[in-house]
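Enquirer: First, the structure itself, so that you have it in front of you.
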Amino acid sequence: MKKVNNTICGLTESQIQDLKEQHGFLIIGTVKQGDEEYNTIFKEPSFKVLEAMGAISKNNEVKGTVALYENCIVAADEAFQSRDFLKLKAVESLAQHMNSFNVTVKNL
């Protein structure tokens with residue numbers, strides 16, 4: 001994870017804590033390219049955001065991915081401002097986050 005002066009996405013631990021209080025649960029997504037690492041901080045998408053993204057994706061998958069990025073991004077390394085492909089790859093971290101949950105069921 002790319003840290004400069006103990007920061008993530010240019011934010012201190014205190015600033016990240018403030019973002020947690022404002023947005024709730026946050027995840028850090030890291031995109032690696034060669035020796036470089038780029039970080040984003042996302043909030044979990046709401047049902048409303050997921051529904052909108054799904055509807056948009058039916059016609060245009062890239063636009064749906066961009067909508068998810070724009071609605072969930074909280075902070076990002078500066079490189080994301082000028083590199084759209086980084087944004088698309090960063091959204092994969094949201095999918096990995098969702099897949100990190102395990103569920104169990106039991107008949108009653």
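Here, A, B, ... name the chains of the structure tokens in the order displayed, residue numbers run from 1 inside each chain, and ligands are numbered from 1 in the same displayed order.
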Taking 4 positions as the minimum chain separation for residues in the same chain, which residues sit within 8 Å of range 43-49 of chain A when counting only C-alpha atoms? Answer as a CSV table (one decimal) with N, CA and C atoms, in the first residue's frame.

Expert:
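The resulting part01.csv:
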```csv
chain,number,residue,atom,x,y,z
A,23,HIS,N,-19.2,8.4,6.5
A,23,HIS,CA,-19.7,7.5,5.5
A,23,HIS,C,-20.0,6.1,6.0
A,24,GLY,N,-19.5,5.8,7.2
A,24,GLY,CA,-19.7,4.4,7.7
A,24,GLY,C,-18.5,3.5,7.3
A,25,PHE,N,-18.8,2.3,7.0
A,25,PHE,CA,-17.7,1.3,6.7
A,25,PHE,C,-17.0,1.7,5.4
A,26,LEU,N,-15.7,1.7,5.5
A,26,LEU,CA,-14.9,2.0,4.3
A,26,LEU,C,-14.0,0.9,3.9
A,27,ILE,N,-13.6,0.8,2.7
A,27,ILE,CA,-12.6,-0.2,2.2
A,27,ILE,C,-11.5,0.5,1.4
A,53,MET,N,-26.8,1.2,-10.8
A,53,MET,CA,-25.7,0.7,-11.6
A,53,MET,C,-26.1,-0.5,-12.4
A,68,LEU,N,-20.8,3.4,-10.5
A,68,LEU,CA,-20.5,2.8,-9.2
A,68,LEU,C,-19.3,3.5,-8.6
A,71,ASN,N,-20.2,7.1,-7.3
A,71,ASN,CA,-21.1,7.1,-6.1
A,71,ASN,C,-20.5,6.5,-4.9
A,72,CYS,N,-19.4,5.8,-5.0
A,72,CYS,CA,-18.8,5.1,-3.8
A,72,CYS,C,-17.4,5.7,-3.4
A,73,ILE,N,-16.8,6.4,-4.3
A,73,ILE,CA,-15.4,6.9,-4.0
A,73,ILE,C,-15.5,7.9,-2.9
A,74,VAL,N,-14.6,7.8,-2.0
A,74,VAL,CA,-14.4,8.7,-0.9
A,74,VAL,C,-13.1,9.5,-1.0
A,94,LEU,N,-14.4,-3.3,-5.0
A,94,LEU,CA,-15.8,-3.4,-4.4
A,94,LEU,C,-16.4,-4.8,-4.6
```

Enquirer: As a list in words, which residues of chain A does DSSP assign to strand (DSSP E)?

Expert: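 Secondary structure check on chain A, strand (DSSP E): Leu26, Ile27, Ile28, Gly29, Thr30, Val31, Lys32, Gln33, Glu36, Glu37, Tyr38, Asn39, Thr40, Ile41, Phe42, Lys43, Ile73, Val74, Ala75 and Ala76 of chain A.
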
Enquirer: Filtering to C-alpha atoms, could you give me those residues as a PDB file, in the first residue's frame?

Expert:
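So the final result, stored in out-v3.pdb, reads:
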```pdb
ATOM      1  CA  LEU A  26     -14.898   2.015   4.290  1.00  0.00           C
ATOM      2  CA  ILE A  27     -12.626  -0.206   2.229  1.00  0.00           C
ATOM      3  CA  ILE A  28      -9.245   0.471   0.687  1.00  0.00           C
ATOM      4  CA  GLY A  29      -8.832  -0.739  -2.874  1.00  0.00           C
ATOM      5  CA  THR A  30      -5.347  -1.083  -4.325  1.00  0.00           C
ATOM      6  CA  VAL A  31      -4.527  -1.247  -8.023  1.00  0.00           C
ATOM      7  CA  LYS A  32      -1.041  -2.490  -8.837  1.00  0.00           C
ATOM      8  CA  GLN A  33       0.781  -1.849 -12.089  1.00  0.00           C
ATOM      9  CA  GLU A  36       3.452   1.068  -8.582  1.00  0.00           C
ATOM     10  CA  GLU A  37       0.458   0.852  -6.256  1.00  0.00           C
ATOM     11  CA  TYR A  38      -2.513   3.190  -6.359  1.00  0.00           C
ATOM     12  CA  ASN A  39      -5.065   3.376  -3.551  1.00  0.00           C
ATOM     13  CA  THR A  40      -8.698   4.328  -3.322  1.00  0.00           C
ATOM     14  CA  ILE A  41     -11.047   4.523  -0.386  1.00  0.00           C
ATOM     15  CA  PHE A  42     -14.623   3.457  -1.084  1.00  0.00           C
ATOM     16  CA  LYS A  43     -17.794   3.416   0.955  1.00  0.00           C
ATOM     17  CA  ILE A  73     -15.435   6.903  -4.023  1.00  0.00           C
ATOM     18  CA  VAL A  74     -14.433   8.744  -0.886  1.00  0.00           C
ATOM     19  CA  ALA A  75     -10.746   9.411  -1.618  1.00  0.00           C
ATOM     20  CA  ALA A  76      -8.143   8.347  -4.171  1.00  0.00           C
TER      21      ALA A  76
END
```

Enquirer: If you run DSSP over the backbone, which residues in chain A end up alpha helix (DSSP H)? Put them as a ChimeraX atom specification.

Expert: /A:13-23,47-59,61-72,84-99

Enquirer: The selected residues should be written to file as a short mmCIF file (atom, residue, chain, number, x, y, z; two decimals), in the first residue's frame (atoms: N, CA and C atoms).

Expert:
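Full text of selection.cif as output:
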```
data_model
loop_
_atom_site.label_atom_id
_atom_site.label_comp_id
_atom_site.auth_asym_id
_atom_site.auth_seq_id
_atom_site.Cartn_x
_atom_site.Cartn_y
_atom_site.Cartn_z
N GLU A 13 -4.49 9.33 9.52
CA GLU A 13 -5.37 8.42 10.26
C GLU A 13 -6.58 9.15 10.83
N SER A 14 -6.36 10.35 11.33
CA SER A 14 -7.45 11.15 11.89
C SER A 14 -8.47 11.53 10.82
N GLN A 15 -7.99 11.91 9.65
CA GLN A 15 -8.89 12.26 8.55
C GLN A 15 -9.69 11.04 8.09
N ILE A 16 -9.04 9.89 8.06
CA ILE A 16 -9.73 8.66 7.68
C ILE A 16 -10.80 8.32 8.71
N GLN A 17 -10.49 8.51 9.96
CA GLN A 17 -11.49 8.27 11.02
C GLN A 17 -12.69 9.20 10.83
N ASP A 18 -12.45 10.45 10.49
CA ASP A 18 -13.54 11.39 10.22
C ASP A 18 -14.40 10.90 9.05
N LEU A 19 -13.76 10.36 8.02
CA LEU A 19 -14.50 9.84 6.87
C LEU A 19 -15.35 8.63 7.27
N LYS A 20 -14.82 7.78 8.16
CA LYS A 20 -15.59 6.63 8.65
C LYS A 20 -16.84 7.10 9.38
N GLU A 21 -16.70 8.14 10.18
CA GLU A 21 -17.85 8.68 10.90
C GLU A 21 -18.88 9.26 9.94
N GLN A 22 -18.41 9.85 8.87
CA GLN A 22 -19.29 10.47 7.89
C GLN A 22 -19.96 9.44 6.97
N HIS A 23 -19.20 8.43 6.51
CA HIS A 23 -19.69 7.51 5.48
C HIS A 23 -19.97 6.10 5.97
N PHE A 47 -28.29 0.00 -1.67
CA PHE A 47 -29.15 -0.70 -2.61
C PHE A 47 -29.52 0.22 -3.78
N LYS A 48 -29.78 1.49 -3.47
CA LYS A 48 -30.15 2.46 -4.50
C LYS A 48 -29.04 2.59 -5.54
N VAL A 49 -27.80 2.68 -5.09
CA VAL A 49 -26.66 2.79 -6.01
C VAL A 49 -26.51 1.51 -6.81
N LEU A 50 -26.63 0.35 -6.17
CA LEU A 50 -26.50 -0.92 -6.88
C LEU A 50 -27.60 -1.09 -7.92
N GLU A 51 -28.80 -0.68 -7.57
CA GLU A 51 -29.91 -0.77 -8.51
C GLU A 51 -29.68 0.12 -9.73
N ALA A 52 -29.24 1.35 -9.49
CA ALA A 52 -28.95 2.27 -10.59
C ALA A 52 -27.82 1.75 -11.46
N MET A 53 -26.78 1.24 -10.83
CA MET A 53 -25.65 0.71 -11.58
C MET A 53 -26.09 -0.46 -12.44
N GLY A 54 -26.92 -1.33 -11.89
CA GLY A 54 -27.42 -2.47 -12.65
C GLY A 54 -28.23 -2.03 -13.86
N ALA A 55 -29.08 -1.03 -13.67
CA ALA A 55 -29.90 -0.53 -14.77
C ALA A 55 -29.03 0.10 -15.86
N ILE A 56 -28.06 0.89 -15.46
CA ILE A 56 -27.16 1.54 -16.43
C ILE A 56 -26.33 0.49 -17.15
N SER A 57 -25.87 -0.52 -16.42
CA SER A 57 -24.99 -1.55 -16.99
C SER A 57 -25.68 -2.38 -18.07
N LYS A 58 -27.00 -2.46 -18.01
CA LYS A 58 -27.71 -3.23 -19.03
C LYS A 58 -27.47 -2.66 -20.42
N ASN A 59 -27.32 -1.34 -20.50
CA ASN A 59 -27.08 -0.68 -21.78
C ASN A 59 -25.60 -0.41 -22.05
N GLU A 61 -21.92 -1.29 -19.93
CA GLU A 61 -21.21 -1.77 -18.75
C GLU A 61 -20.20 -0.77 -18.21
N VAL A 62 -19.51 -0.08 -19.09
CA VAL A 62 -18.50 0.89 -18.64
C VAL A 62 -19.19 2.03 -17.90
N LYS A 63 -20.30 2.54 -18.43
CA LYS A 63 -21.02 3.62 -17.74
C LYS A 63 -21.53 3.16 -16.38
N GLY A 64 -21.95 1.90 -16.28
CA GLY A 64 -22.39 1.37 -15.00
C GLY A 64 -21.24 1.31 -14.00
N THR A 65 -20.07 0.91 -14.46
CA THR A 65 -18.89 0.84 -13.60
C THR A 65 -18.48 2.24 -13.15
N VAL A 66 -18.51 3.19 -14.08
CA VAL A 66 -18.18 4.58 -13.74
C VAL A 66 -19.17 5.13 -12.72
N ALA A 67 -20.45 4.81 -12.88
CA ALA A 67 -21.46 5.27 -11.93
C ALA A 67 -21.19 4.71 -10.53
N LEU A 68 -20.79 3.43 -10.47
CA LEU A 68 -20.46 2.83 -9.18
C LEU A 68 -19.26 3.52 -8.56
N TYR A 69 -18.23 3.76 -9.36
CA TYR A 69 -17.04 4.47 -8.87
C TYR A 69 -17.43 5.84 -8.32
N GLU A 70 -18.15 6.60 -9.11
CA GLU A 70 -18.48 7.98 -8.73
C GLU A 70 -19.38 8.06 -7.49
N ASN A 71 -20.21 7.05 -7.29
CA ASN A 71 -21.12 7.07 -6.14
C ASN A 71 -20.51 6.49 -4.87
N CYS A 72 -19.39 5.78 -5.00
CA CYS A 72 -18.80 5.13 -3.82
C CYS A 72 -17.43 5.67 -3.44
N ASP A 84 -8.50 7.01 -16.36
CA ASP A 84 -9.80 6.36 -16.27
C ASP A 84 -9.68 4.85 -16.06
N PHE A 85 -8.68 4.23 -16.67
CA PHE A 85 -8.54 2.78 -16.51
C PHE A 85 -8.27 2.41 -15.06
N LEU A 86 -7.55 3.24 -14.33
CA LEU A 86 -7.35 2.99 -12.90
C LEU A 86 -8.69 2.96 -12.17
N LYS A 87 -9.58 3.87 -12.53
CA LYS A 87 -10.90 3.91 -11.91
C LYS A 87 -11.65 2.60 -12.16
N LEU A 88 -11.62 2.14 -13.42
CA LEU A 88 -12.31 0.90 -13.75
C LEU A 88 -11.74 -0.27 -12.96
N LYS A 89 -10.42 -0.34 -12.85
CA LYS A 89 -9.80 -1.43 -12.09
C LYS A 89 -10.07 -1.32 -10.60
N ALA A 90 -10.14 -0.10 -10.09
CA ALA A 90 -10.39 0.09 -8.65
C ALA A 90 -11.76 -0.44 -8.25
N VAL A 91 -12.73 -0.34 -9.14
CA VAL A 91 -14.08 -0.82 -8.82
C VAL A 91 -14.08 -2.32 -8.55
N GLU A 92 -13.11 -3.03 -9.10
CA GLU A 92 -13.01 -4.46 -8.82
C GLU A 92 -12.83 -4.73 -7.33
N SER A 93 -12.25 -3.78 -6.61
CA SER A 93 -12.07 -3.97 -5.16
C SER A 93 -13.42 -4.02 -4.45
N LEU A 94 -14.42 -3.31 -4.97
CA LEU A 94 -15.76 -3.38 -4.39
C LEU A 94 -16.35 -4.78 -4.58
N ALA A 95 -16.12 -5.36 -5.75
CA ALA A 95 -16.60 -6.72 -6.01
C ALA A 95 -15.88 -7.72 -5.11
N GLN A 96 -14.57 -7.55 -4.95
CA GLN A 96 -13.82 -8.44 -4.07
C GLN A 96 -14.30 -8.30 -2.63
N HIS A 97 -14.64 -7.07 -2.24
CA HIS A 97 -15.16 -6.86 -0.89
C HIS A 97 -16.46 -7.65 -0.70
N MET A 98 -17.35 -7.56 -1.68
CA MET A 98 -18.62 -8.28 -1.59
C MET A 98 -18.38 -9.78 -1.52
N ASN A 99 -17.42 -10.27 -2.29
CA ASN A 99 -17.12 -11.70 -2.30
C ASN A 99 -16.39 -12.17 -1.04
#
```

Enquirer: What does the distance from CA of Ser82 in chain A to CA of Cys9 in chain A come to in Å, to one decimal?

Expert: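 One can read the CA of Ser82 in chain A to CA of Cys9 in chain A distance as 15.0 Å.
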
Enquirer: What is the distance, in Å and to one decimal place, between CA of Thr12 in chain A and CA of Asp77 in chain A?

Expert: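 Here the two named atoms are 13.1 Å from each other.
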
Enquirer: Kindly give the distance, in Å, that separates CA of Gly10 in chain A and CA of Glu78 in chain A, rounded to a single decimal.

Expert: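 These two atoms are separated by 8.6 Å.
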